[in-house]
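Next comes target_37.pdb, with PDB, C-alpha atoms.
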ATOM      1  CA  GLU A 681     108.373  91.414  95.484
ATOM      2  CA  SER A 682     111.227  91.831  97.916
ATOM      3  CA  ILE A 683     114.460  93.141  96.416
ATOM      4  CA  GLY A 684     116.593  92.513  99.459
ATOM      5  CA  ILE A 685     116.637  96.075 100.795
ATOM      6  CA  THR A 686     116.407  96.700 104.518
ATOM      7  CA  VAL A 687     115.930 100.314 105.524
ATOM      8  CA  THR A 688     115.595 101.754 109.011
ATOM      9  CA  GLU A 689     114.807 105.297 110.078
ATOM     10  CA  ASP A 690     118.016 105.541 112.133
ATOM     11  CA  ALA A 691     120.149 104.460 109.184
ATOM     12  CA  VAL A 692     118.594 107.034 106.870
ATOM     13  CA  LYS A 693     118.933 109.824 109.418
ATOM     14  CA  SER A 694     122.549 108.859 110.165
ATOM     15  CA  ASP A 695     123.529 108.960 106.491
ATOM     16  CA  VAL A 696     121.857 112.334 105.969
ATOM     17  CA  LEU A 697     123.456 113.819 109.075
ATOM     18  CA  THR A 698     126.909 112.631 108.006
ATOM     19  CA  TYR A 699     126.543 114.160 104.558
ATOM     20  CA  LEU A 700     125.259 117.530 105.783
ATOM     21  CA  ARG A 701     127.874 117.860 108.523
ATOM     22  CA  ASN A 702     130.547 117.435 105.875
ATOM     23  CA  LYS A 703     128.975 120.431 104.128
ATOM     24  CA  GLU A 704     129.316 122.485 107.352
ATOM     25  CA  ILE A 705     125.617 123.263 107.606
ATOM     26  CA  LYS A 706     124.237 124.380 110.982
ATOM     27  CA  TYR A 707     123.116 121.618 113.336
ATOM     28  CA  ASP A 708     119.462 122.761 113.612
ATOM     29  CA  THR A 709     119.192 122.928 109.848
ATOM     30  CA  ILE A 710     120.756 119.492 109.541
ATOM     31  CA  ASN A 711     118.211 117.980 111.927
ATOM     32  CA  ALA A 712     115.284 119.639 110.153
ATOM     33  CA  ILE A 713     116.414 118.445 106.705
ATOM     34  CA  ALA A 714     117.233 114.971 107.996
ATOM     35  CA  ARG A 715     113.777 114.593 109.524
ATOM     36  CA  ILE A 716     112.053 115.582 106.268
ATOM     37  CA  VAL A 717     114.243 113.336 104.135
ATOM     38  CA  LYS A 718     113.894 110.411 106.527
ATOM     39  CA  ASP A 719     110.084 110.622 106.718
ATOM     40  CA  THR A 720     109.651 111.063 102.989
ATOM     41  CA  LEU A 721     112.035 108.264 102.025
ATOM     42  CA  ILE A 722     110.597 105.715 104.438
ATOM     43  CA  PHE A 723     107.060 106.677 103.416
ATOM     44  CA  VAL A 724     107.785 106.163  99.716
ATOM     45  CA  LEU A 725     109.681 102.917 100.240
ATOM     46  CA  LEU A 726     106.702 101.410 102.039
ATOM     47  CA  ASN A 727     104.734 101.839  98.846
ATOM     48  CA  VAL A 728     107.258 100.481  96.346
ATOM     49  CA  VAL A 729     109.243  97.701  98.003
ATOM     50  CA  ASN A 730     108.389  94.952 100.429
ATOM     51  CA  ILE A 731     110.768  95.917 103.227
ATOM     52  CA  GLU A 732     110.827  94.184 106.594
ATOM     53  CA  THR A 733     108.093  96.353 108.140
ATOM     54  CA  ALA A 734     105.683  95.892 105.224
ATOM     55  CA  GLY A 735     103.559  92.925 104.126
ATOM     56  CA  LYS A 736     101.369  92.049 101.180
ATOM     57  CA  ASP A 737      98.158  90.103 100.884
ATOM     58  CA  PHE A 738      99.006  86.927  98.981
ATOM     59  CA  LEU A 739      95.817  86.905  96.883
ATOM     60  CA  THR A 740      95.392  90.513  95.780
ATOM     61  CA  GLY A 741      98.900  91.930  96.146
ATOM     62  CA  LEU A 742      97.544  94.776  98.275
ATOM     63  CA  PHE A 743      99.053  95.635 101.626
ATOM     64  CA  ASN A 744      97.864  93.547 104.569
ATOM     65  CA  LEU A 745      96.494  94.351 108.015
ATOM     66  CA  ARG A 746      99.911  94.470 109.662
ATOM     67  CA  THR A 747     101.047  97.175 107.260
ATOM     68  CA  LEU A 748      97.815  99.131 107.729
ATOM     69  CA  ASN A 749      98.515  99.767 111.406
ATOM     70  CA  GLN A 750     102.061 100.889 110.648
ATOM     71  CA  LEU A 751     100.903 103.245 107.900
ATOM     72  CA  LEU A 752      98.290 104.913 110.094
ATOM     73  CA  LEU A 753     100.731 105.429 112.935
ATOM     74  CA  ARG A 754     103.298 106.926 110.584
ATOM     75  CA  ILE A 755     100.796 109.239 108.906
ATOM     76  CA  SER A 756      99.400 110.425 112.247
ATOM     77  CA  SER A 757     102.951 111.104 113.401
ATOM     78  CA  ARG A 758     103.566 113.255 110.316
ATOM     79  CA  ILE A 759     100.329 115.198 110.786
ATOM     80  CA  ASN A 760     100.946 115.801 114.475
ATOM     81  CA  HIS A 761     104.559 116.898 114.078
ATOM     82  CA  PRO A 762     104.843 120.585 115.079
ATOM     83  CA  GLN A 763     106.904 121.477 112.005
ATOM     84  CA  THR A 764     104.837 119.682 109.395
ATOM     85  CA  SER A 765     102.710 121.384 106.757
ATOM     86  CA  GLU A 766     100.640 118.237 106.309
ATOM     87  CA  GLU A 767      97.170 119.093 107.569
ATOM     88  CA  SER A 768      95.171 115.918 107.160
ATOM     89  CA  ALA A 769      94.748 112.438 105.743
ATOM     90  CA  SER A 770      91.685 110.311 105.194
ATOM     91  CA  VAL A 771      90.660 106.690 105.543
ATOM     92  CA  ILE A 772      88.084 104.769 103.521
ATOM     93  CA  SER A 773      86.685 101.510 104.864
ATOM     94  CA  LEU A 774      85.100  99.338 102.175
ATOM     95  CA  ASP A 775      82.986  96.211 102.478
ATOM     96  CA  LEU A 776      81.771  94.370  99.369
ATOM     97  CA  ASP A 777      78.048  93.713  99.191
ATOM     98  CA  ARG A 778      76.681  90.318  98.104
ATOM     99  CA  PHE A 779      80.145  88.769  97.994
ATOM    100  CA  LYS A 780      78.899  85.758  99.977
ATOM    101  CA  TYR A 781      76.321  85.171  97.229
ATOM    102  CA  VAL A 782      79.146  84.879  94.679
ATOM    103  CA  ASN A 783      81.038  82.361  96.827
ATOM    104  CA  ASP A 784      77.937  80.278  97.492
ATOM    105  CA  THR A 785      76.671  80.334  93.916
ATOM    106  CA  TYR A 786      79.823  80.162  91.799
ATOM    107  CA  GLY A 787      82.438  78.782  94.192
ATOM    108  CA  HIS A 788      85.353  80.207  96.181
ATOM    109  CA  ALA A 789      87.631  80.282  93.146
ATOM    110  CA  ALA A 790      85.185  82.676  91.515
ATOM    111  CA  GLY A 791      85.148  84.701  94.714
ATOM    112  CA  ASP A 792      88.927  84.961  94.540
ATOM    113  CA  GLU A 793      88.629  86.252  90.972
ATOM    114  CA  VAL A 794      86.264  88.951  92.191
ATOM    115  CA  LEU A 795      88.635  89.994  94.985
ATOM    116  CA  LYS A 796      91.581  90.242  92.602
ATOM    117  CA  GLU A 797      89.564  92.277  90.113
ATOM    118  CA  ILE A 798      88.292  94.623  92.836
ATOM    119  CA  ALA A 799      91.874  95.095  94.032
ATOM    120  CA  ARG A 800      92.941  95.937  90.472
ATOM    121  CA  ARG A 801      90.144  98.498  90.151
ATOM    122  CA  ILE A 802      91.042 100.085  93.486
ATOM    123  CA  MET A 803      94.667 100.465  92.452
ATOM    124  CA  SER A 804      93.713 101.935  89.068
ATOM    125  CA  THR A 805      91.475 104.509  90.792
ATOM    126  CA  ILE A 806      93.687 105.825  93.600
ATOM    127  CA  LYS A 807      96.875 107.903  93.291
ATOM    128  CA  PRO A 808     100.409 106.474  93.546
ATOM    129  CA  GLN A 809     100.816 108.155  96.952
ATOM    130  CA  ASP A 810      97.751 106.311  98.330
ATOM    131  CA  PHE A 811      97.681 102.893  99.975
ATOM    132  CA  ALA A 812      95.209 100.060  99.446
ATOM    133  CA  VAL A 813      94.891  97.345 102.089
ATOM    134  CA  ARG A 814      92.983  94.087 102.194
ATOM    135  CA  ARG A 815      92.034  93.456 105.805
ATOM    136  CA  GLY A 816      90.709  89.990 105.083
ATOM    137  CA  GLY A 817      87.654  88.462 103.428
ATOM    138  CA  ASP A 818      85.839  91.117 101.426
ATOM    139  CA  GLU A 819      87.018  94.048 103.555
ATOM    140  CA  PHE A 820      89.383  96.728 102.287
ATOM    141  CA  VAL A 821      90.855  99.971 103.578
ATOM    142  CA  ILE A 822      92.224 102.808 101.470
ATOM    143  CA  VAL A 823      94.563 105.281 103.175
ATOM    144  CA  LEU A 824      94.783 108.694 101.509
ATOM    145  CA  PRO A 825      97.700 110.874 102.690
ATOM    146  CA  LYS A 826      97.332 114.655 102.248
ATOM    147  CA  THR A 827      93.631 114.232 101.460
ATOM    148  CA  ASN A 828      90.803 115.985 103.275
ATOM    149  CA  LEU A 829      87.308 114.610 103.837
ATOM    150  CA  THR A 830      85.735 116.282 100.812
ATOM    151  CA  ASN A 831      88.281 114.829  98.399
ATOM    152  CA  ALA A 832      88.165 111.440 100.126
ATOM    153  CA  ILE A 833      84.413 111.285  99.496
ATOM    154  CA  ILE A 834      85.081 111.955  95.808
ATOM    155  CA  VAL A 835      87.533 109.038  95.771
ATOM    156  CA  ALA A 836      84.920 106.809  97.440
ATOM    157  CA  GLU A 837      82.378 107.792  94.786
ATOM    158  CA  ARG A 838      84.796 106.838  92.021
ATOM    159  CA  LEU A 839      85.546 103.536  93.719
ATOM    160  CA  SER A 840      81.849 102.822  94.097
ATOM    161  CA  THR A 841      81.305 103.363  90.370
ATOM    162  CA  GLU A 842      84.216 101.097  89.442
ATOM    163  CA  ILE A 843      83.182  98.314  91.802
ATOM    164  CA  GLN A 844      79.650  98.178  90.405
ATOM    165  CA  LYS A 845      80.837  97.582  86.835
ATOM    166  CA  PRO A 846      80.322  94.018  85.484
ATOM    167  CA  ILE A 847      82.892  91.396  86.468
ATOM    168  CA  THR A 848      83.560  88.249  84.461
ATOM    169  CA  ILE A 849      84.355  85.144  86.519
ATOM    170  CA  THR A 850      84.624  81.398  85.947
ATOM    171  CA  ASN A 851      81.869  79.284  87.498
ATOM    172  CA  LYS A 852      82.127  75.797  89.013
ATOM    173  CA  ASP A 853      81.697  74.213  85.562
ATOM    174  CA  GLY A 854      84.565  76.194  84.087
ATOM    175  CA  ASN A 855      82.312  78.512  82.097
ATOM    176  CA  ALA A 856      82.723  82.297  81.949
ATOM    177  CA  VAL A 857      79.928  84.194  83.673
ATOM    178  CA  THR A 858      79.519  87.961  83.766
ATOM    179  CA  LEU A 859      78.230  89.328  87.063
ATOM    180  CA  GLU A 860      76.051  92.391  86.535
ATOM    181  CA  ASN A 861      74.269  94.375  89.263
ATOM    182  CA  ILE A 862      75.557  91.983  91.908
ATOM    183  CA  ILE A 863      78.774  93.294  93.449
ATOM    184  CA  ALA A 864      78.672  96.714  95.071
ATOM    185  CA  GLY A 865      80.401  98.389  97.999
ATOM    186  CA  THR A 866      79.409 100.084 101.229
ATOM    187  CA  PHE A 867      81.844 102.765 102.362
ATOM    188  CA  GLY A 868      82.800 104.550 105.551
ATOM    189  CA  VAL A 869      84.931 107.679 105.083
ATOM    190  CA  SER A 870      86.707 109.581 107.825
ATOM    191  CA  GLU A 871      89.424 112.217 108.081
ATOM    192  CA  LEU A 872      92.408 111.880 110.381
ATOM    193  CA  MET A 873      92.990 115.279 111.951
ATOM    194  CA  LYS A 874      95.786 116.794 114.001
ATOM    195  CA  GLY A 875      95.905 115.374 117.519
ATOM    196  CA  GLU A 876      94.598 111.962 116.477
ATOM    197  CA  THR A 877      96.345 108.618 116.130
ATOM    198  CA  ILE A 878      94.268 105.923 114.406
ATOM    199  CA  ASN A 879      90.842 107.230 115.441
ATOM    200  CA  ALA A 880      89.871 107.832 111.834
ATOM    201  CA  LEU A 881      89.931 104.111 111.082
ATOM    202  CA  ASP A 882      87.645 103.388 114.034
ATOM    203  CA  ARG A 883      85.235 106.064 112.833
ATOM    204  CA  SER A 884      85.218 104.889 109.217
ATOM    205  CA  ASP A 885      84.595 101.332 110.413
ATOM    206  CA  ASN A 886      81.691 102.438 112.618
ATOM    207  CA  LEU A 887      80.216 104.528 109.811
ATOM    208  CA  LEU A 888      80.351 101.503 107.510
ATOM    209  CA  VAL A 889      78.817  99.092 110.016
ATOM    210  CA  ASP A 890      76.029 101.491 111.010
ATOM    211  CA  GLY A 891      75.430 102.338 107.359
ATOM    212  CA  LYS A 892      75.011  98.717 106.304
ATOM    213  CA  GLU A 893      72.202  98.393 108.844
ATOM    214  CA  GLN A 894      70.417 101.282 107.105
ATOM    215  CA  GLU A 895      71.127 100.725 103.404
ATOM    216  CA  ARG A 896      73.944  98.929 101.648
ATOM    217  CA  GLY A 897      75.802 100.216  98.615
ATOM    218  CA  LYS A 898      76.087 103.752  99.980
ATOM    219  CA  ILE A 899      78.858 106.080 101.186
ATOM    220  CA  TYR A 900      78.750 107.143 104.835
ATOM    221  CA  HIS A 901      81.159 109.761 106.132
ATOM    222  CA  ASP A 902      82.179 112.073 108.959
ATOM    223  CA  PRO A 903      80.029 115.200 109.356
ATOM    224  CA  ILE A 904      81.079 117.966 106.983
ATOM    225  CA  THR A 905      82.221 121.037 108.941
ATOM    226  CA  PRO A 906      83.516 124.511 107.939
ATOM    227  CA  THR A 907      87.023 123.001 107.848
ATOM    228  CA  ASN A 908      85.684 120.207 105.630
ATOM    229  CA  PRO A 909      83.460 122.124 103.180
ATOM    230  CA  SER A 910      80.722 120.328 101.310
ATOM    231  CA  ILE A 911      81.079 119.529  97.625
ATOM    232  CA  ASN A 912      79.455 122.167  95.395
ATOM    233  CA  GLY A 913      77.787 123.595  98.492
ATOM    234  CA  LYS A 914      75.739 120.458  99.082
ATOM    235  CA  SER A 915      75.923 118.068 101.984
ATOM    236  CA  LEU A 916      76.564 114.523 100.843
TER     237      LEU A 916
END
As structure tokens - that is how I would like this structure written.
Amino acid sequence: ESIGITVTEDAVKSDVLTYLRNKEIKYDTINAIARIVKDTLIFVLLNVVNIETAGKDFLTGLFNLRTLNQLLLRISSRINHPQTSEESASVISLDLDRFKYVNDTYGHAAGDEVLKEIARRIMSTIKPQDFAVRRGGDEFVIVLPKTNLTNAIIVAERLSTEIQKPITITNKDGNAVTLENIIAGTFGVSELMKGETINALDRSDNLLVDGKEQERGKIYHDPITPTNPSINGKSL
């Protein structure tokens, strides 16, 4: 819900600079502190208020596609900044399996119930610093700041478990029906590294699409390298 706040990067930086100059702190230090404060404040505000650069999906309350692009660009900018300590972030692409069956069998209202419940489960699984996006239809993206590939795969595994749990919906006759062993998710997981922009999203999408042609309901991810060690010494 919008609370009438409009925040811009320039405004934040200007306020910080004014305050620190009054404290007679050196100019280089002022700029460094202002950059950190500006990036952190804008980043947090995107996740807690609906400011002019952010948008929500009307059905699920998750962020929408417009916000996704802005988030990825901002995160890549933080990772690629020469003075940042932020090494990586990860992206999870998620596509629900057998969602069309639910729509065709129980009606689109039931399908909407499924989408809202999946959104709730995603939000209850990820951390407050993470971002969940509905791209449209039954497609979702989860953006994980400060998260490497190994930990992102763990998040995807948790999401997969939550998504497969039974969901109770209302059918076309108005009766409650519990869906068991129907809804599942196929995942593509990729890590955004230094020097990249939004390449990680393209890779996670391709991993998902290629994976669905092999076997649905699985997690497909970037190759695990020495900089992205395997979990418990095992390749996933």
Report as CSV: every residue of segment 788-900 of chain A with an atom at most 10 Å from segment 752-755 of chain A, its closest pair of atoms, and their distance in Å to one decimal, counting all atoms listed in the file, with rows sorted by chain and ascending residue number.
residue,atom,partner,partner_atom,distance
A:Val823,CA,A:Leu752,CA,7.9
A:Leu824,CA,A:Ile755,CA,9.5
A:Pro825,CA,A:Ile755,CA,7.1
A:Lys826,CA,A:Ile755,CA,9.3
A:Leu872,CA,A:Ile755,CA,8.9
A:Glu876,CA,A:Leu753,CA,9.6
A:Thr877,CA,A:Leu753,CA,6.3
A:Ile878,CA,A:Leu752,CA,6.0
A:Asn879,CA,A:Leu752,CA,9.5
A:Ala880,CA,A:Leu752,CA,9.1
A:Leu881,CA,A:Leu752,CA,8.5
Selection above as a file: C-alpha atoms, as a compact mmCIF listing (two decimals), in the coordinates of the input:
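That gives us selection.txt:
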# COMPACT_ATOMS: atom_id res chain seq x y z
CA VAL A 823 94.56 105.28 103.18
CA LEU A 824 94.78 108.69 101.51
CA PRO A 825 97.70 110.87 102.69
CA LYS A 826 97.33 114.66 102.25
CA LEU A 872 92.41 111.88 110.38
CA GLU A 876 94.60 111.96 116.48
CA THR A 877 96.34 108.62 116.13
CA ILE A 878 94.27 105.92 114.41
CA ASN A 879 90.84 107.23 115.44
CA ALA A 880 89.87 107.83 111.83
CA LEU A 881 89.93 104.11 111.08
Residue neighbourhood Val821 of chain A, 8 Å, all atoms listed in the file, exclusion window fewer than 4 positions, as a PyMOL selection string: chain A and resi 771-774+812-815
What's the 8 Å shell around Thr848 of chain A, counting only C-alpha atoms, without same-chain residues fewer than 5 positions away, as a PyMOL selection string? chain A and resi 856-859
When the PyMOL selection byres ((chain A and resi 742) around 12) is applied to the file above, which residues end up in the set, as a PyMOL selection string? chain A and resi 681+726-728+730+734-741+743-748+795-803+810-816+819-823
Between atom CA of Leu751 of chain A and atom CA of Phe867 of chain A, distance in Å (one decimal):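 About the pair atom CA of Leu751 of chain A and atom CA of Phe867 of chain A: they are 19.9 Å apart.
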Can you work out the spacing between atom CA of Glu793 of chain A and atom CA of Arg778 of chain A in Å, to one decimal?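 Separation of atom CA of Glu793 of chain A and atom CA of Arg778 of chain A: 14.5 Å.
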Find the spatial neighbours of Gly854 of chain A, counting only C-alpha atoms, within a cut-off of 12 Å - ignore same-chain residues fewer than 3 positions away - and output them as a PyMOL selection string. chain A and resi 786-787+789-790+849-851+857
I'd like the contact shell of Gly891 of chain A - 12 Å cut-off, all atoms listed in the file, skipping same-chain residues fewer than 6 positions apart - returned as a list in words.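 My reading of the contact set: Ser773, Leu774, Asp775, Gly865, Thr866, Phe867, Gly868, Val869, Arg883, Ser884, Asp885, Gly897, Lys898, Ile899, Tyr900, His901 and Asp902 of chain A.
Nearest residue to Asp853 of chain A, choosing from A:Thr785, A:Ser756, A:Ser768, A:Asn749 and counting all atoms listed in the file: A:Thr785.
Using all atoms listed in the file, the smallest distance between any of A:Ser804, A:Lys780, A:Asn828, A:Gln894 and Glu842 of chain A comes from A:Ser804.
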Any idea what the distance is between atom CA of Ala836 of chain A and atom CA of Arg758 of chain A?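 The value is 23.6 Å.
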Tell me, as a ChimeraX atom specification, which residues lie within 8 Å of Glu767 of chain A, counting only C-alpha atoms; anything in the same chain fewer than 6 positions away does not count. /A:759,826,873-874
Please output segment 785-809 of chain A, rebuilt to include N, CA, C and O atoms, as a short mmCIF file (atom, residue, chain, number, x, y, z; two decimals), keeping the file's coordinate frame.
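File written: part.cif
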data_model
loop_
_atom_site.label_atom_id
_atom_site.label_comp_id
_atom_site.auth_asym_id
_atom_site.auth_seq_id
_atom_site.Cartn_x
_atom_site.Cartn_y
_atom_site.Cartn_z
N THR A 785 77.28 80.68 95.20
CA THR A 785 76.67 80.33 93.92
C THR A 785 77.69 79.82 92.91
O THR A 785 77.44 78.84 92.19
N TYR A 786 78.85 80.46 92.86
CA TYR A 786 79.82 80.16 91.80
C TYR A 786 81.10 79.50 92.32
O TYR A 786 81.93 79.06 91.51
N GLY A 787 81.26 79.43 93.63
CA GLY A 787 82.44 78.78 94.19
C GLY A 787 83.48 79.79 94.69
O GLY A 787 83.50 80.94 94.28
N HIS A 788 84.35 79.33 95.57
CA HIS A 788 85.35 80.21 96.18
C HIS A 788 86.41 80.66 95.18
O HIS A 788 86.99 81.75 95.34
N ALA A 789 86.68 79.85 94.17
CA ALA A 789 87.63 80.28 93.15
C ALA A 789 87.10 81.50 92.41
O ALA A 789 87.86 82.44 92.09
N ALA A 790 85.81 81.51 92.15
CA ALA A 790 85.18 82.68 91.52
C ALA A 790 85.24 83.88 92.44
O ALA A 790 85.47 85.01 92.01
N GLY A 791 85.04 83.62 93.73
CA GLY A 791 85.15 84.70 94.71
C GLY A 791 86.54 85.31 94.73
O GLY A 791 86.70 86.53 94.83
N ASP A 792 87.55 84.46 94.60
CA ASP A 792 88.93 84.96 94.54
C ASP A 792 89.13 85.83 93.30
O ASP A 792 89.85 86.85 93.36
N GLU A 793 88.53 85.44 92.19
CA GLU A 793 88.63 86.25 90.97
C GLU A 793 88.03 87.63 91.20
O GLU A 793 88.58 88.65 90.74
N VAL A 794 86.91 87.67 91.90
CA VAL A 794 86.26 88.95 92.19
C VAL A 794 87.17 89.82 93.05
O VAL A 794 87.37 91.01 92.78
N LEU A 795 87.76 89.23 94.10
CA LEU A 795 88.64 89.99 94.98
C LEU A 795 89.83 90.57 94.24
O LEU A 795 90.22 91.72 94.45
N LYS A 796 90.42 89.76 93.37
CA LYS A 796 91.58 90.24 92.60
C LYS A 796 91.19 91.36 91.64
O LYS A 796 91.94 92.33 91.46
N GLU A 797 90.02 91.24 91.03
CA GLU A 797 89.56 92.28 90.11
C GLU A 797 89.22 93.57 90.87
O GLU A 797 89.54 94.67 90.40
N ILE A 798 88.60 93.44 92.03
CA ILE A 798 88.29 94.62 92.84
C ILE A 798 89.59 95.31 93.26
O ILE A 798 89.70 96.55 93.22
N ALA A 799 90.58 94.53 93.65
CA ALA A 799 91.87 95.10 94.03
C ALA A 799 92.49 95.85 92.86
O ALA A 799 93.05 96.95 93.03
N ARG A 800 92.39 95.27 91.66
CA ARG A 800 92.94 95.94 90.47
C ARG A 800 92.22 97.26 90.22
O ARG A 800 92.87 98.27 89.90
N ARG A 801 90.91 97.27 90.39
CA ARG A 801 90.14 98.50 90.15
C ARG A 801 90.45 99.56 91.20
O ARG A 801 90.48 100.76 90.90
N ILE A 802 90.66 99.13 92.44
CA ILE A 802 91.04 100.08 93.49
C ILE A 802 92.37 100.75 93.13
O ILE A 802 92.51 101.97 93.18
N MET A 803 93.34 99.93 92.75
CA MET A 803 94.67 100.46 92.45
C MET A 803 94.65 101.37 91.22
O MET A 803 95.43 102.33 91.14
N SER A 804 93.78 101.10 90.27
CA SER A 804 93.71 101.94 89.07
C SER A 804 92.97 103.24 89.33
O SER A 804 93.04 104.17 88.51
N THR A 805 92.27 103.32 90.46
CA THR A 805 91.48 104.51 90.79
C THR A 805 92.23 105.48 91.69
O THR A 805 92.11 106.70 91.55
N ILE A 806 93.01 104.96 92.64
CA ILE A 806 93.69 105.82 93.60
C ILE A 806 95.01 106.33 93.02
O ILE A 806 95.49 105.85 92.01
N LYS A 807 95.61 107.30 93.72
CA LYS A 807 96.88 107.90 93.29
C LYS A 807 98.05 107.05 93.75
O LYS A 807 97.92 106.25 94.69
N PRO A 808 99.22 107.23 93.12
CA PRO A 808 100.41 106.47 93.55
C PRO A 808 100.79 106.69 95.01
O PRO A 808 101.36 105.81 95.64
N GLN A 809 100.47 107.86 95.56
CA GLN A 809 100.82 108.16 96.95
C GLN A 809 99.87 107.47 97.94
O GLN A 809 100.14 107.43 99.14
#
